[in-house]
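Below is one structure, written out as structure tokens; comments come after it.
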Amino acid sequence: MTTILWLLLFAIAVAVGWLIRHNFRKWEARRLAEEERFANFMAGTAGISVPKTAEPSAAPMPAPSLSTTAAKASGNALEQQKLLFDAAHKAAEAGEPALAIQLYARLLARYPASTLATPVRAAVDALKKKRRKEQ
């Protein structure tokens, strides 16, 4: 009787582990798709033509390997940095300091060693001071 109980508990633990892993993979695929949509939107806003990608499949996407991530990052990293910086600057000019701070934070999170890091930090400090004065 105790053997059956232990087998049942083991089966439940395996099922819970599989569910957690499955949901994490789905969440990661959705996050990557969201980032791609955001990059395409920003590229479209900046007037850069972006080739259409194939429709996402129902199968979960494998995690990108370090070599493919590094190759992508080196290829268009400067373009992405400039797009994020310009979008944040325009949001600040349009009177949306919260959105601008979020975009600047995304830029710093993705590219902490960027040449734009110093002006970004200065702009974030200025926007935070401006928000404090408004409140």
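Lettering and numbering for the structure tokens are positional, with chains as A, B, ... in the shown order, residues counted from 1 in each chain, and ligands counted from 1 in the shown order.
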
Leaving out Leu83 in chain A and any residue of its chain fewer than 5 positions from it, which residues lie within 12 Å of it when counting only C-alpha atoms, given as a PyMOL selection string?
chain A and resi 38-48+76-78+88-90+103-104+106-107+116

Spatial neighbours of Ala98 in chain A, 12 Å, only C-alpha atoms, chain gap at least 2 places, as a VMD selection string
chain A and resid 88 to 89 91 to 96 100 to 105 124 126 to 132

In Å, rounded to a single decimal, give me how far CA of Gln80 in chain A is from CA of Ala29 in chain A.
20.4 Å

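Taking CA of Ala113 in chain A as the reference point, CA of Asp125 in chain A is found at 18.1 Å.
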